$ cat structure_35.txt   # compact mmCIF, C-alpha atoms
# COMPACT_ATOMS: atom_id res chain seq x y z
CA MET V 28 0.00 0.00 0.00
CA ILE V 29 1.33 3.44 -0.92
CA SER V 30 1.36 5.78 2.04
CA ASP V 31 0.11 9.33 1.86
CA PRO V 32 2.96 11.79 1.03
CA GLN V 33 1.83 14.06 3.86
CA GLU V 34 2.28 11.23 6.33
CA ARG V 35 5.85 10.70 5.11
CA ALA V 36 6.54 14.44 5.42
CA VAL V 37 5.79 14.53 9.15
CA PRO V 38 8.74 12.37 10.25
CA GLU V 39 11.07 14.35 7.98
CA ALA V 40 9.92 17.61 9.55
CA MET V 41 10.44 16.11 12.97
CA LYS V 42 13.92 14.98 11.98
CA ARG V 43 14.77 18.48 10.81
CA THR V 44 13.49 19.93 14.11
CA THR V 45 15.51 17.38 16.04
CA ARG V 46 18.65 18.25 14.07
CA GLN V 47 18.07 21.96 14.71
CA GLU V 48 17.52 21.36 18.40
CA LYS V 49 20.64 19.21 18.62
CA ARG V 50 22.68 21.87 16.83
CA ALA V 51 21.36 24.53 19.21
CA GLN V 52 22.23 22.34 22.19
CA THR V 53 25.72 21.78 20.82
CA ARG V 54 26.25 25.54 20.38
CA GLU V 55 25.04 26.23 23.92
CA ALA V 56 27.31 23.54 25.36
CA LEU V 57 30.31 25.00 23.53
CA LEU V 58 29.43 28.53 24.65
CA ASP V 59 29.05 27.33 28.25
CA ALA V 60 32.47 25.65 28.09
CA ALA V 61 34.07 28.74 26.55
CA GLU V 62 32.52 30.91 29.24
CA ARG V 63 33.90 28.71 32.03
CA LEU V 64 37.40 28.29 30.62
CA TRP V 65 37.88 31.86 29.42
CA ALA V 66 36.69 33.25 32.74
CA LYS V 67 39.14 30.95 34.55
CA HIS V 68 42.15 31.05 32.22
CA GLY V 69 41.57 34.02 29.92
CA ILE V 70 40.80 34.00 26.22
CA ARG V 71 44.47 33.40 25.37
CA GLY V 72 44.77 30.72 28.03
CA ALA V 73 42.22 28.22 26.71
CA SER V 74 42.32 26.74 23.20
CA LEU V 75 39.47 25.51 21.03
CA ASP V 76 40.64 21.94 21.68
CA GLU V 77 40.28 22.49 25.43
CA ILE V 78 36.86 24.10 25.01
CA ALA V 79 35.64 21.20 22.89
CA ALA V 80 37.00 18.66 25.39
CA SER V 81 35.34 20.49 28.28
CA ALA V 82 32.02 20.28 26.41
CA GLY V 83 32.57 16.56 25.76
CA MET V 84 33.05 17.08 22.04
CA THR V 85 35.76 17.16 19.41
CA LYS V 86 37.29 20.23 17.81
CA GLY V 87 35.30 19.41 14.69
CA ALA V 88 32.12 20.27 16.60
CA VAL V 89 33.51 23.76 17.18
CA TYR V 90 34.17 24.32 13.48
CA SER V 91 30.76 22.88 12.60
CA ASN V 92 29.15 25.67 14.61
CA PHE V 93 31.64 28.53 14.54
CA ALA V 94 34.05 29.82 11.90
CA GLY V 95 36.84 29.96 14.45
CA LYS V 96 37.89 31.39 17.79
CA THR V 97 36.86 34.96 16.97
CA ASP V 98 33.42 33.81 15.82
CA LEU V 99 33.01 31.87 19.08
CA ILE V 100 34.04 34.95 21.07
CA LEU V 101 31.52 37.13 19.22
CA ALA V 102 28.75 34.56 19.73
CA LEU V 103 29.53 34.46 23.46
CA LEU V 104 29.58 38.26 23.53
CA ASP V 105 26.17 38.37 21.84
CA ARG V 106 24.76 35.98 24.42
CA TYR V 107 26.33 37.86 27.30
CA THR V 108 25.10 41.29 26.21
CA GLN V 109 21.52 40.08 25.68
CA VAL V 110 21.20 39.47 29.42
CA GLU V 111 19.11 42.10 31.22
CA PHE V 112 21.91 43.16 33.55
CA GLY V 113 20.74 44.40 36.94
CA GLN V 114 17.02 44.31 36.13
CA ARG V 115 15.91 44.05 39.76
CA THR V 116 18.26 46.86 40.78
CA SER V 117 16.90 49.17 38.06
CA SER V 118 13.32 48.30 39.03
CA ALA V 119 14.01 49.33 42.62
CA LEU V 120 15.29 52.72 41.47
CA ARG V 121 12.15 53.33 39.38
CA ASP V 122 9.65 52.61 42.16
CA GLN V 123 8.16 56.12 42.32
CA GLY V 124 5.86 55.22 45.20
CA ARG V 125 8.74 55.44 47.67
CA PRO V 126 11.19 58.19 48.75
CA ARG V 127 14.34 58.46 46.63
CA ALA V 128 16.69 57.59 49.49
CA ASP V 129 14.69 54.42 50.25
CA ARG V 130 14.72 53.40 46.59
CA CYS V 131 18.49 53.85 46.37
CA ALA V 132 19.04 51.91 49.60
CA ASP V 133 16.86 49.08 48.27
CA ALA V 134 18.79 49.11 45.00
CA GLY V 135 21.99 48.88 47.02
CA ARG V 136 20.72 45.76 48.78
CA HIS V 137 19.79 44.14 45.46
CA TYR V 138 23.23 45.05 44.10
CA ALA V 139 25.03 43.58 47.12
CA SER V 140 22.96 40.40 46.89
CA ARG V 141 23.84 40.06 43.22
CA LEU V 142 27.56 40.47 43.91
CA SER V 143 27.43 37.80 46.61
CA ALA V 144 26.22 35.15 44.13
CA GLU V 145 28.80 32.45 43.37
CA GLU V 146 28.76 33.01 39.61
CA THR V 147 29.34 36.77 39.89
CA ARG V 148 33.12 36.50 40.05
CA MET V 149 33.17 34.35 36.92
CA LYS V 150 30.86 36.79 35.13
CA ALA V 151 33.12 39.70 36.10
CA LEU V 152 36.22 37.88 34.88
CA LEU V 153 34.51 37.01 31.61
CA LEU V 154 33.35 40.60 31.11
CA MET V 155 36.91 41.84 31.59
CA GLU V 156 38.17 39.29 29.05
CA LEU V 157 35.51 40.36 26.54
CA TRP V 158 36.24 44.04 27.22
CA LEU V 159 39.97 43.53 26.61
CA PHE V 160 39.19 41.65 23.40
CA GLY V 161 36.84 44.44 22.36
CA MET V 162 39.57 47.02 22.89
CA ARG V 163 41.65 45.19 20.29
CA ASP V 164 38.90 44.04 17.91
CA PHE V 165 36.73 46.75 16.31
CA SER V 166 33.63 44.62 15.67
CA ALA V 167 33.59 43.20 19.18
CA GLY V 168 34.28 46.63 20.67
CA TRP V 169 31.22 48.13 19.04
CA ARG V 170 29.00 45.32 20.32
CA ILE V 171 30.16 46.02 23.86
CA ALA V 172 29.76 49.78 23.34
CA ASP V 173 26.20 49.28 22.07
CA TRP V 174 25.41 47.16 25.14
CA TYR V 175 26.75 49.92 27.41
CA GLN V 176 24.65 52.46 25.51
CA SER V 177 21.50 50.37 25.90
CA HIS V 178 22.13 50.10 29.64
CA ARG V 179 22.75 53.87 29.90
CA GLU V 180 19.50 54.58 28.08
CA GLY V 181 17.62 52.36 30.51
CA LEU V 182 19.08 54.22 33.50
CA ALA V 183 18.48 57.66 31.93
CA ALA V 184 14.84 56.97 31.07
CA GLY V 185 12.53 59.06 33.22
CA LEU V 186 15.23 61.16 34.89
CA ARG V 187 14.46 64.86 35.27
CA THR V 188 16.76 67.86 35.03
CA GLY V 189 18.64 67.93 38.29
CA GLY V 190 19.20 71.67 38.57
CA ASP V 191 22.82 71.49 37.40
CA ASP V 192 24.64 71.03 34.11
CA LEU V 193 24.41 67.25 34.13
CA SER V 194 22.06 65.72 31.56
CA ALA V 195 20.18 62.48 32.18
CA GLU V 196 22.66 60.73 29.87
CA ASP V 197 25.61 62.13 31.85
CA ARG V 198 24.11 60.89 35.10
CA ALA V 199 23.55 57.47 33.56
CA SER V 200 27.20 57.35 32.47
CA LEU V 201 28.32 58.14 36.02
CA ALA V 202 25.89 55.57 37.41
CA MET V 203 27.40 52.98 35.07
CA ALA V 204 30.85 53.87 36.36
CA ILE V 205 29.63 53.14 39.89
CA GLU V 206 27.86 49.95 38.85
CA PHE V 207 30.88 48.35 37.17
CA GLY V 208 33.72 50.08 38.99
CA LEU V 209 32.37 49.33 42.45
CA ALA V 210 31.85 45.68 41.50
CA LEU V 211 35.48 45.31 40.40
CA GLN V 212 36.77 46.90 43.61
CA HIS V 213 34.42 44.91 45.84
CA LEU V 214 35.26 41.56 44.27
CA LEU V 215 38.96 42.20 44.93
CA ASP V 216 38.57 43.75 48.37
CA PRO V 217 35.10 43.04 49.84
CA ASP V 218 36.03 44.04 53.41
CA ARG V 219 37.26 47.53 52.56
CA VAL V 220 34.91 48.21 49.64
CA PRO V 221 31.38 47.19 50.71
CA ALA V 222 28.89 46.60 47.91
CA GLU V 223 26.29 48.56 49.90
CA LEU V 224 28.06 51.75 48.80
CA TYR V 225 26.04 51.37 45.61
CA GLY V 226 22.95 52.80 47.31
CA PRO V 227 24.51 56.07 48.55
CA GLY V 228 26.41 56.37 45.28
CA MET V 229 23.23 56.15 43.24
CA ASN V 230 21.53 58.60 45.57
CA LEU V 231 24.32 61.12 44.93
CA VAL V 232 24.38 60.65 41.15
CA LEU V 233 20.78 59.88 40.24
CA GLY V 234 18.89 61.10 43.31
CA PRO V 235 18.62 64.79 42.33
CA ALA V 236 17.09 63.81 38.97
CA MET V 237 14.84 60.96 40.08
CA PRO V 238 11.09 61.63 39.83
$ encode --input "structure_35.txt" --output "structure tokens"
Amino acid sequence: MISDPQERAVPEAMKRTTRQEKRAQTREALLDAAERLWAKHGIRGASLDEIAASAGMTKGAVYSNFAGKTDLILALLDRYTQVEFGQRTSSALRDQGRPRADRCADAGRHYASRLSAEETRMKALLLMELWLFGMRDFSAGWRIADWYQSHREGLAAGLRTGGDDLSAEDRASLAMAIEFGLALQHLLDPDRVPAELYGPGMNLVLGPAMP
């Protein structure tokens, strides 16, 4: 008996979906391995062979999914910069139903909690590796710069004129300096640089312009 062509097409479609899912899983596994090894050893300190081995694959799997090391770096950068960094902290700052000082203090607690998470140190190391790579590679540098700009725009949204010469964008740039600079200092020296300084810092920089 000749089967209906549509019936034969279903398994083929399922096979294609399975192949796509498997490819996506392979890419994610390689990106996870690259993230771990590059955060621990630096981009120059971990080869594609080591990344593939850490993911339980061969180097051929890397080249089946990425054109090379730079392509893998850019893919990891894309994934990293799509994360909504500090969403809960930003939400606390925008809660207009509370006094500004309370909002900033709450944001400081969220910030300190985030820095205390186990994966934060790895994320910070990875960001520094990507930043250094971006300083040397134009295409990667612009992706990082665009991510910074998106984050600045999110912080600047809704700020008022603060009665001085600082624009909302300027305040957001200073707030970003606190957000990243304080994290780097705290992770190196948590006893002398408490993460809770984030709250007073944001109150100084953003407070006068917060609605």
$ atom_distance --input "structure_35.txt" --atom1 "atom CA of Lys86 of chain V" --atom2 "atom CA of Gly72 of chain V"
16.4 Å
$ closest_residue --input "structure_35.txt" --among "V:Leu193, V:Leu215, V:Ala56, V:Leu209" --to "Gly135 of chain V" --atoms "only C-alpha atoms"
V:Leu209
$ closest_residue --input "structure_35.txt" --among "V:Gln52, V:Gly83, V:Arg148, V:Pro126" --to "Pro217 of chain V" --atoms "all atoms listed in the file"
V:Arg148
$ residues_around --input "structure_35.txt" --residues "segment 168-179 of chain V" --least-positions-apart "5" --cutoff "9 Å" --atoms "all atoms listed in the file" --output "list in words"
Leu101, Leu104, Asp105, Thr108, Gln109, Glu111, Phe112, Leu157, Trp158, Leu159, Phe160, Gly161, Met162, Arg163, Ala184, Glu196, Asp197, Arg198, Ala199, Ser200, Ala202 and Met203 of chain V
$ atom_distance --input "structure_35.txt" --atom1 "atom CA of Glu145 of chain V" --atom2 "atom CA of Leu231 of chain V"
29.1 Å
$ decode --input "structure_35.txt" --residues "segment 151-171 of chain V" --atoms "N, CA, C and O atoms" --output "compact mmCIF listing (two decimals), in the first residue's frame"
# COMPACT_ATOMS: atom_id res chain seq x y z
N ALA V 151 32.26 38.51 36.13
CA ALA V 151 33.12 39.70 36.10
C ALA V 151 34.41 39.42 35.35
O ALA V 151 34.87 40.24 34.55
N LEU V 152 35.00 38.25 35.59
CA LEU V 152 36.22 37.88 34.88
C LEU V 152 35.97 37.77 33.38
O LEU V 152 36.77 38.23 32.55
N LEU V 153 34.84 37.16 33.03
CA LEU V 153 34.51 37.01 31.61
C LEU V 153 34.29 38.37 30.97
O LEU V 153 34.76 38.62 29.85
N LEU V 154 33.58 39.27 31.67
CA LEU V 154 33.35 40.60 31.11
C LEU V 154 34.65 41.33 30.86
O LEU V 154 34.82 42.00 29.83
N MET V 155 35.62 41.20 31.79
CA MET V 155 36.91 41.84 31.59
C MET V 155 37.64 41.25 30.39
O MET V 155 38.26 41.98 29.60
N GLU V 156 37.55 39.93 30.21
CA GLU V 156 38.17 39.29 29.05
C GLU V 156 37.54 39.80 27.75
O GLU V 156 38.23 40.10 26.78
N LEU V 157 36.20 39.88 27.74
CA LEU V 157 35.51 40.36 26.54
C LEU V 157 35.82 41.83 26.30
O LEU V 157 35.97 42.26 25.14
N TRP V 158 35.91 42.61 27.37
CA TRP V 158 36.24 44.04 27.22
C TRP V 158 37.64 44.22 26.63
O TRP V 158 37.84 45.03 25.73
N LEU V 159 38.61 43.45 27.14
CA LEU V 159 39.97 43.53 26.61
C LEU V 159 40.01 43.11 25.14
O LEU V 159 40.69 43.73 24.33
N PHE V 160 39.26 42.07 24.80
CA PHE V 160 39.19 41.65 23.40
C PHE V 160 38.56 42.74 22.56
O PHE V 160 39.02 43.04 21.45
N GLY V 161 37.50 43.37 23.09
CA GLY V 161 36.84 44.44 22.36
C GLY V 161 37.72 45.66 22.15
O GLY V 161 37.56 46.38 21.16
N MET V 162 38.64 45.90 23.06
CA MET V 162 39.57 47.02 22.89
C MET V 162 40.52 46.79 21.73
O MET V 162 41.06 47.75 21.14
N ARG V 163 40.71 45.53 21.36
CA ARG V 163 41.65 45.19 20.29
C ARG V 163 40.94 44.81 18.99
O ARG V 163 41.57 44.79 17.94
N ASP V 164 39.65 44.48 19.08
CA ASP V 164 38.90 44.04 17.91
C ASP V 164 37.72 44.99 17.70
O ASP V 164 36.83 45.10 18.54
N PHE V 165 37.70 45.68 16.55
CA PHE V 165 36.73 46.75 16.31
C PHE V 165 35.29 46.24 16.38
O PHE V 165 34.43 46.84 17.02
N SER V 166 35.01 45.11 15.72
CA SER V 166 33.63 44.62 15.67
C SER V 166 33.12 44.22 17.05
O SER V 166 31.99 44.50 17.43
N ALA V 167 33.99 43.58 17.82
CA ALA V 167 33.59 43.20 19.18
C ALA V 167 33.45 44.43 20.06
O ALA V 167 32.53 44.52 20.89
N GLY V 168 34.34 45.40 19.88
CA GLY V 168 34.28 46.63 20.67
C GLY V 168 32.97 47.37 20.50
O GLY V 168 32.39 47.86 21.47
N TRP V 169 32.48 47.42 19.28
CA TRP V 169 31.22 48.13 19.04
C TRP V 169 30.04 47.39 19.65
O TRP V 169 29.08 48.01 20.10
N ARG V 170 30.10 46.07 19.68
CA ARG V 170 29.00 45.32 20.32
C ARG V 170 28.95 45.62 21.81
O ARG V 170 27.88 45.79 22.39
N ILE V 171 30.12 45.69 22.44
CA ILE V 171 30.16 46.02 23.86
C ILE V 171 29.70 47.46 24.08
O ILE V 171 28.92 47.75 25.00
